[in-house]
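In what follows, a single structure is set out as structure tokens and then discussed.
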Amino acid sequence: MSTSYIPVSTQVRLWGKAGGRCQYEGCNDRLWLDALTQAEFNSAYIAHIVADSVDGPRGDAILSPLLGSQLSNLMILCDRHHRLIDKIQVAEHPVERLHQMKRKHEDRVELVCSLTEEKQSHVLLYGANIGSQSAPVSMVRAIPAMLPDWYPAESRPVEIGLHNSMLTDRNEEYWRVEEANLRAQFSQHVRPLLVNGSIKHLSIFAMAPQPLLIALGALISDIQASEVYQLHREPSDWKWRDASELPEFEVSEPDDKTGSPALVFSLSANINESRVLSILPDASVWHVAIDQPSNDFLKSRQQTSDFRVLMRSLMNRIKAVHGQNSLLHVFPAMPLALAVEFGRIRMPKADLPLCIYDQTGEMGFQPALNIGFTSIASAE
């Protein structure tokens, strides 16, 4: 039982630092609102880290009289966690652990509240089945990747993509259905917000076969201020890192530039030129690669920026060599984020139309989607 008097001014400061939420790690319950009835009232308990009496939880003969009403020694907790630390599991909640909970919670509240309106970003989630795997994109995983550079403009994301689809990229109807769905949902849920200026910045989290990601990027374009995030394998999250040693992108031009232009990306895996020539015998193959292609090489924002700069120049170069009436055949093996970025940098009125291929098991590369012309058949 607490015996010390805690001034109202100290209580107010404690509430402010905690953001009105339980400071127990992983709880974060709102302490002014009953989740069931939605009734608003103060349900907080002010807990002492070092008890204000010697015989209380974590009491100390010297510190208890000194720290009874000190802000640094106080936490606000919900009822169950107040009981947990003071009655049920006292030994499991030493002073050091509670101080760490308090510090981390208050630092998080300070971080979020210090962000200005200019850092608001609408979260766009897009997922489509890759083979037999569904796309694990969620708001819960997106937010940690955005902070502290951006924070969600709204509590709910702008979400597009078919849920619980039974189709995979091996199904004959997959590409037609998924592309039509992407365009329809983008037109319904995203484009109106872009047109009326509601969206100032987009944070894009997308996981889908690469042709669909390129199509998504083309719909967004680079006119809209955006950041595209990459799902990393180790550790498994979407957060950018500050990588010190970054592999450089290398461009190889074809010796014979008289054939149909083909653009190969060997970034997440190597695509041998012979695989392209088996489909397009007269192709002039342009190659974008890194020294050691890898699924997890993309680590930093700087790499995506370098890629965009490179591709704007390369797209102009290919058009200058092959002419503006050519069709560019694209064979991608690239990280998810770079597939979206490749679509974003394409200028509809200036760049060549695209026929995008996808690897489909034993069948090898097959035309999947087109951007800028009306029929896949015209590319075959």
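Letters A, B, ... mark the chains of the structure tokens in the order given; residue numbers begin at 1 per chain; ligand numbers begin at 1, in order shown.
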List every residue of segment 296-336 of chain A that has an atom at most 10 Å from any atom of segment 284-289 of chain A, and for each one report the closest atom pair and its distance in Å to one decimal, counting only C-alpha atoms, with rows sorted by chain and then by increasing residue number, as JSON lines.
```
{"residue": "A:Phe307", "atom": "CA", "partner": "A:Val288", "partner_atom": "CA", "distance": 9.9}
{"residue": "A:Leu310", "atom": "CA", "partner": "A:Val288", "partner_atom": "CA", "distance": 9.6}
{"residue": "A:Met311", "atom": "CA", "partner": "A:Val288", "partner_atom": "CA", "distance": 9.2}
{"residue": "A:Leu314", "atom": "CA", "partner": "A:Trp286", "partner_atom": "CA", "distance": 9.3}
{"residue": "A:Ile318", "atom": "CA", "partner": "A:Trp286", "partner_atom": "CA", "distance": 8.4}
{"residue": "A:His322", "atom": "CA", "partner": "A:Ser284", "partner_atom": "CA", "distance": 9.5}
{"residue": "A:His329", "atom": "CA", "partner": "A:Val285", "partner_atom": "CA", "distance": 9.2}
{"residue": "A:Val330", "atom": "CA", "partner": "A:Trp286", "partner_atom": "CA", "distance": 9.6}
{"residue": "A:Phe331", "atom": "CA", "partner": "A:His287", "partner_atom": "CA", "distance": 9.6}
{"residue": "A:Pro332", "atom": "CA", "partner": "A:Val288", "partner_atom": "CA", "distance": 9.7}
{"residue": "A:Ala333", "atom": "CA", "partner": "A:Ala289", "partner_atom": "CA", "distance": 9.5}
{"residue": "A:Met334", "atom": "CA", "partner": "A:Ala289", "partner_atom": "CA", "distance": 9.3}
```
Which residues come within 9 Å of Ala283 of chain A, counting only C-alpha atoms, excluding same-chain residues fewer than 3 positions away, as a tab-separated table (two decimals) with C-alpha atoms, in the first residue's frame?
```tsv
chain	number	residue	atom	x	y	z
A	256	ASP	CA	24.94	-6.54	-81.91
A	257	LYS	CA	22.28	-3.90	-81.39
A	258	THR	CA	20.17	-4.70	-84.44
A	259	GLY	CA	17.86	-7.24	-82.80
A	260	SER	CA	14.82	-6.82	-80.56
A	261	PRO	CA	15.87	-5.15	-77.30
A	262	ALA	CA	15.79	-7.34	-74.19
A	276	VAL	CA	16.65	-15.25	-73.29
A	277	LEU	CA	17.88	-16.24	-76.73
A	279	ILE	CA	12.78	-17.46	-76.45
A	280	LEU	CA	13.89	-14.47	-78.55
A	329	HIS	CA	11.34	-7.37	-73.41
```
Neighbouring residues of Leu298 of chain A were defined as those with any atom within 12 Å, considering only C-alpha atoms; residues of the same chain fewer than 2 positions away were excluded. Please report them as a short mmCIF file (atom, residue, chain, number, x, y, z; two decimals) with C-alpha atoms, in the first residue's frame.
```cif
data_model
loop_
_atom_site.label_atom_id
_atom_site.label_comp_id
_atom_site.auth_asym_id
_atom_site.auth_seq_id
_atom_site.Cartn_x
_atom_site.Cartn_y
_atom_site.Cartn_z
CA VAL A 228 9.48 1.64 -51.39
CA TYR A 229 10.56 -0.79 -48.67
CA GLN A 230 12.26 -4.15 -49.07
CA LEU A 231 11.47 -7.30 -47.09
CA HIS A 232 14.79 -8.63 -45.78
CA ARG A 233 15.42 -12.26 -45.01
CA GLU A 234 18.02 -11.88 -42.26
CA TRP A 238 11.33 -4.25 -43.72
CA LYS A 239 13.69 -1.78 -42.04
CA TRP A 240 16.47 -0.14 -44.05
CA ARG A 241 20.04 -0.47 -42.80
CA ASP A 242 23.12 1.67 -43.22
CA ALA A 243 25.26 -0.70 -45.24
CA GLU A 245 29.88 -1.91 -48.48
CA LEU A 246 27.33 -1.89 -51.28
CA PRO A 247 27.63 -3.94 -54.49
CA GLU A 248 27.73 -1.75 -57.58
CA PHE A 249 25.27 -2.13 -60.44
CA LEU A 267 20.33 -9.01 -59.23
CA SER A 268 18.64 -11.55 -56.97
CA ILE A 290 25.85 -7.18 -59.58
CA GLN A 292 27.29 -11.82 -56.80
CA PRO A 293 23.50 -11.90 -57.27
CA SER A 294 21.69 -12.55 -54.00
CA ASN A 295 18.16 -12.56 -52.62
CA ASP A 296 19.21 -10.32 -49.73
CA SER A 300 19.89 0.56 -47.90
CA ARG A 301 17.95 3.47 -49.33
CA GLN A 302 21.09 4.56 -51.18
CA GLN A 303 20.97 1.43 -53.32
CA THR A 304 17.41 2.17 -54.46
CA SER A 305 18.42 5.75 -55.27
CA ASP A 306 21.44 4.57 -57.29
CA PHE A 307 19.21 2.10 -59.14
CA MET A 334 15.48 -8.57 -58.76
CA PRO A 335 14.49 -7.59 -55.20
CA LEU A 336 10.85 -6.66 -54.63
CA ALA A 337 11.57 -2.98 -53.98
CA LEU A 338 13.63 -2.58 -57.16
CA ALA A 339 10.86 -4.16 -59.24
#
```
Next item on the list: If you run DSSP over the backbone, which residues in segment 193-270 of chain A end up strand (DSSP E)? Put them as a list of chain:residue names.
Entry: A:Leu202, A:Ser203, A:Ile204, A:Phe205, A:Ala206, A:Met207, A:Ser226, A:Glu227, A:Val228, A:Glu250, A:Val251, A:Ser252, A:Ser260, A:Pro261, A:Ala262, A:Leu263, A:Val264, A:Phe265, A:Ser266
Take the residues just selected and output them with N, CA and C atoms as a PDB file, in the first residue's frame.
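This went into part_22.pdb:
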```pdb
ATOM      1  N   LEU A 202       3.811   8.402 -49.910  1.00  0.00           N
ATOM      2  CA  LEU A 202       3.431   6.997 -49.799  1.00  0.00           C
ATOM      3  C   LEU A 202       4.599   6.173 -49.256  1.00  0.00           C
ATOM      4  N   SER A 203       4.304   5.293 -48.315  1.00  0.00           N
ATOM      5  CA  SER A 203       5.258   4.263 -47.894  1.00  0.00           C
ATOM      6  C   SER A 203       4.726   2.937 -48.426  1.00  0.00           C
ATOM      7  N   ILE A 204       5.480   2.317 -49.320  1.00  0.00           N
ATOM      8  CA  ILE A 204       4.985   1.178 -50.089  1.00  0.00           C
ATOM      9  C   ILE A 204       5.615  -0.118 -49.591  1.00  0.00           C
ATOM     10  N   PHE A 205       4.764  -1.064 -49.217  1.00  0.00           N
ATOM     11  CA  PHE A 205       5.192  -2.385 -48.780  1.00  0.00           C
ATOM     12  C   PHE A 205       4.484  -3.393 -49.687  1.00  0.00           C
ATOM     13  N   ALA A 206       5.243  -4.051 -50.530  1.00  0.00           N
ATOM     14  CA  ALA A 206       4.633  -4.903 -51.549  1.00  0.00           C
ATOM     15  C   ALA A 206       5.374  -6.227 -51.657  1.00  0.00           C
ATOM     16  N   MET A 207       4.592  -7.287 -51.794  1.00  0.00           N
ATOM     17  CA  MET A 207       5.175  -8.618 -51.999  1.00  0.00           C
ATOM     18  C   MET A 207       4.303  -9.365 -52.989  1.00  0.00           C
ATOM     19  N   SER A 226       7.365   9.023 -52.773  1.00  0.00           N
ATOM     20  CA  SER A 226       7.153   7.689 -52.223  1.00  0.00           C
ATOM     21  C   SER A 226       8.460   7.115 -51.704  1.00  0.00           C
ATOM     22  N   GLU A 227       8.320   6.142 -50.830  1.00  0.00           N
ATOM     23  CA  GLU A 227       9.449   5.312 -50.429  1.00  0.00           C
ATOM     24  C   GLU A 227       8.999   3.863 -50.513  1.00  0.00           C
ATOM     25  N   VAL A 228       9.791   3.058 -51.220  1.00  0.00           N
ATOM     26  CA  VAL A 228       9.485   1.642 -51.390  1.00  0.00           C
ATOM     27  C   VAL A 228      10.394   0.851 -50.457  1.00  0.00           C
ATOM     28  N   GLU A 250      26.147  -3.065 -62.480  1.00  0.00           N
ATOM     29  CA  GLU A 250      26.955  -3.099 -63.692  1.00  0.00           C
ATOM     30  C   GLU A 250      26.037  -3.270 -64.908  1.00  0.00           C
ATOM     31  N   VAL A 251      26.297  -2.486 -65.963  1.00  0.00           N
ATOM     32  CA  VAL A 251      25.493  -2.551 -67.176  1.00  0.00           C
ATOM     33  C   VAL A 251      26.346  -3.089 -68.322  1.00  0.00           C
ATOM     34  N   SER A 252      25.826  -4.115 -69.006  1.00  0.00           N
ATOM     35  CA  SER A 252      26.501  -4.666 -70.186  1.00  0.00           C
ATOM     36  C   SER A 252      25.629  -4.420 -71.412  1.00  0.00           C
ATOM     37  N   SER A 260      15.842  -7.327 -81.474  1.00  0.00           N
ATOM     38  CA  SER A 260      14.823  -6.823 -80.558  1.00  0.00           C
ATOM     39  C   SER A 260      15.453  -6.586 -79.184  1.00  0.00           C
ATOM     40  N   PRO A 261      15.226  -5.427 -78.572  1.00  0.00           N
ATOM     41  CA  PRO A 261      15.873  -5.148 -77.296  1.00  0.00           C
ATOM     42  C   PRO A 261      15.302  -5.995 -76.160  1.00  0.00           C
ATOM     43  N   ALA A 262      16.186  -6.584 -75.378  1.00  0.00           N
ATOM     44  CA  ALA A 262      15.791  -7.338 -74.190  1.00  0.00           C
ATOM     45  C   ALA A 262      16.611  -6.808 -73.014  1.00  0.00           C
ATOM     46  N   LEU A 263      15.954  -6.565 -71.906  1.00  0.00           N
ATOM     47  CA  LEU A 263      16.609  -6.049 -70.705  1.00  0.00           C
ATOM     48  C   LEU A 263      16.548  -7.128 -69.631  1.00  0.00           C
ATOM     49  N   VAL A 264      17.714  -7.593 -69.183  1.00  0.00           N
ATOM     50  CA  VAL A 264      17.811  -8.663 -68.196  1.00  0.00           C
ATOM     51  C   VAL A 264      18.340  -8.084 -66.886  1.00  0.00           C
ATOM     52  N   PHE A 265      17.669  -8.416 -65.789  1.00  0.00           N
ATOM     53  CA  PHE A 265      18.134  -8.034 -64.454  1.00  0.00           C
ATOM     54  C   PHE A 265      18.640  -9.281 -63.738  1.00  0.00           C
ATOM     55  N   SER A 266      19.945  -9.362 -63.522  1.00  0.00           N
ATOM     56  CA  SER A 266      20.523 -10.457 -62.737  1.00  0.00           C
ATOM     57  C   SER A 266      20.989  -9.876 -61.405  1.00  0.00           C
TER      58      SER A 266
END
```
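Here atom CA of Cys113 of chain A and atom CA of Ala145 of chain A stand 17.2 Å from one another.
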Next item on the list: Measuring atom to atom with only C-alpha atoms, identify which of A:Ile143, A:Ala153, A:Leu182, A:Ala18 is nearest to Met101 of chain A.
Entry: A:Ala18
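Taking atom CA of Leu147 of chain A and atom CA of Ile223 of chain A as the two end points, the separation is 23.3 Å.
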Leaving out Ser72 of chain A and any residue of its chain fewer than 6 positions from it, which residues lie within 10 Å of it when counting only C-alpha atoms, given as a PDB file with N, CA and C atoms, in the first residue's frame?
```pdb
ATOM      1  N   LEU A  14       3.663  12.544 -15.315  1.00  0.00           N
ATOM      2  CA  LEU A  14       3.783  11.111 -15.534  1.00  0.00           C
ATOM      3  C   LEU A  14       2.814  10.654 -16.632  1.00  0.00           C
ATOM      4  N   HIS A  48       5.049   2.348  -7.802  1.00  0.00           N
ATOM      5  CA  HIS A  48       6.415   2.709  -7.418  1.00  0.00           C
ATOM      6  C   HIS A  48       7.383   1.638  -7.902  1.00  0.00           C
ATOM      7  N   ILE A  49       8.463   2.067  -8.509  1.00  0.00           N
ATOM      8  CA  ILE A  49       9.515   1.119  -8.876  1.00  0.00           C
ATOM      9  C   ILE A  49      10.222   0.650  -7.611  1.00  0.00           C
ATOM     10  N   HIS A  99      12.747  -0.012 -14.524  1.00  0.00           N
ATOM     11  CA  HIS A  99      13.339   1.219 -15.071  1.00  0.00           C
ATOM     12  C   HIS A  99      13.483   1.124 -16.587  1.00  0.00           C
ATOM     13  N   LYS A 102      10.049   1.572 -18.236  1.00  0.00           N
ATOM     14  CA  LYS A 102       9.641   2.977 -18.175  1.00  0.00           C
ATOM     15  C   LYS A 102      10.398   3.798 -19.219  1.00  0.00           C
ATOM     16  N   ARG A 103      11.711   3.594 -19.293  1.00  0.00           N
ATOM     17  CA  ARG A 103      12.530   4.376 -20.224  1.00  0.00           C
ATOM     18  C   ARG A 103      12.146   4.108 -21.669  1.00  0.00           C
TER      19      ARG A 103
END
```
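Among A:Gln23, A:Ser53, A:Arg30, A:Leu111, the residue with the shortest atom-to-atom distance to Leu98 of chain A, counting only C-alpha atoms, is A:Gln23.
Put simply, atom CA of Phe186 of chain A is 24.7 Å away from atom CA of Leu328 of chain A.
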Next item on the list: Please provide the set of residues having any atom within 7 Å of Ile371 of chain A, restricted to only C-alpha atoms, with same-chain residues fewer than 4 positions apart removed, written as a VMD selection string.
Entry: chain A and resid 353 to 355
Checklist line | Picked from segment 117-295 of chain A by DSSP as alpha helix (DSSP H), as a PyMOL selection string | finding: chain A and resi 139-146+174-185+191-195+210-220+273-277
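Using only C-alpha atoms for every distance, the candidate list A:Leu36, A:Thr10, A:Ser278, A:Val112 yields A:Ser278 as the residue closest to Gly364 of chain A.
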Checklist line | Val140 of chain A environment, 12 Å, only C-alpha atoms, sequence neighbours closer than 6 positions dropped, as a ChimeraX atom specification | finding: /A:123,125,146,152,155-157,205,237-238
Please produce a file of those selected residues containing N, CA and C atoms, as a CSV table (one decimal), in the first residue's frame.
```
chain,number,residue,atom,x,y,z
A,123,VAL,N,0.4,4.6,-45.7
A,123,VAL,CA,0.9,3.2,-45.9
A,123,VAL,C,0.1,2.5,-47.0
A,125,LEU,N,-0.2,-1.1,-48.8
A,125,LEU,CA,0.1,-2.5,-48.7
A,125,LEU,C,-0.4,-3.2,-50.0
A,146,MET,N,9.1,2.2,-40.9
A,146,MET,CA,9.0,3.6,-41.2
A,146,MET,C,9.6,4.6,-40.2
A,152,PRO,N,2.7,6.8,-39.8
A,152,PRO,CA,1.5,6.7,-40.6
A,152,PRO,C,0.5,7.9,-40.5
A,155,SER,N,-4.5,5.5,-39.2
A,155,SER,CA,-4.3,4.2,-38.4
A,155,SER,C,-4.5,3.0,-39.3
A,156,ARG,N,-5.2,3.1,-40.4
A,156,ARG,CA,-5.4,2.0,-41.3
A,156,ARG,C,-4.6,2.2,-42.6
A,157,PRO,N,-4.1,1.2,-43.2
A,157,PRO,CA,-3.4,1.3,-44.4
A,157,PRO,C,-4.3,1.4,-45.6
A,205,PHE,N,4.8,-1.1,-49.2
A,205,PHE,CA,5.2,-2.4,-48.8
A,205,PHE,C,4.5,-3.4,-49.7
A,237,ASP,N,12.6,-8.5,-41.6
A,237,ASP,CA,11.9,-7.2,-41.4
A,237,ASP,C,12.0,-6.3,-42.6
A,238,TRP,N,11.3,-5.2,-42.6
A,238,TRP,CA,11.3,-4.3,-43.7
A,238,TRP,C,12.2,-3.0,-43.5
```
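Nearest residue to Asp291 of chain A, choosing from A:Ala269, A:Met75, A:Val90, A:Val309 and counting only C-alpha atoms: A:Ala269.
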Next item on the list: Check the smallest atom-to-atom distance from each of A:Leu327, A:Leu213, A:Leu33, A:Ile220 to His201 of chain A using only C-alpha atoms, then report the winner.
Entry: A:Ile220
Next item on the list: Compile the contact shell of Tyr357 of chain A as number ranges by chain: residues with an atom at most 6 Å away, counting only C-alpha atoms, same-chain residues fewer than 2 positions apart removed.
Entry: A: 331, 365-368
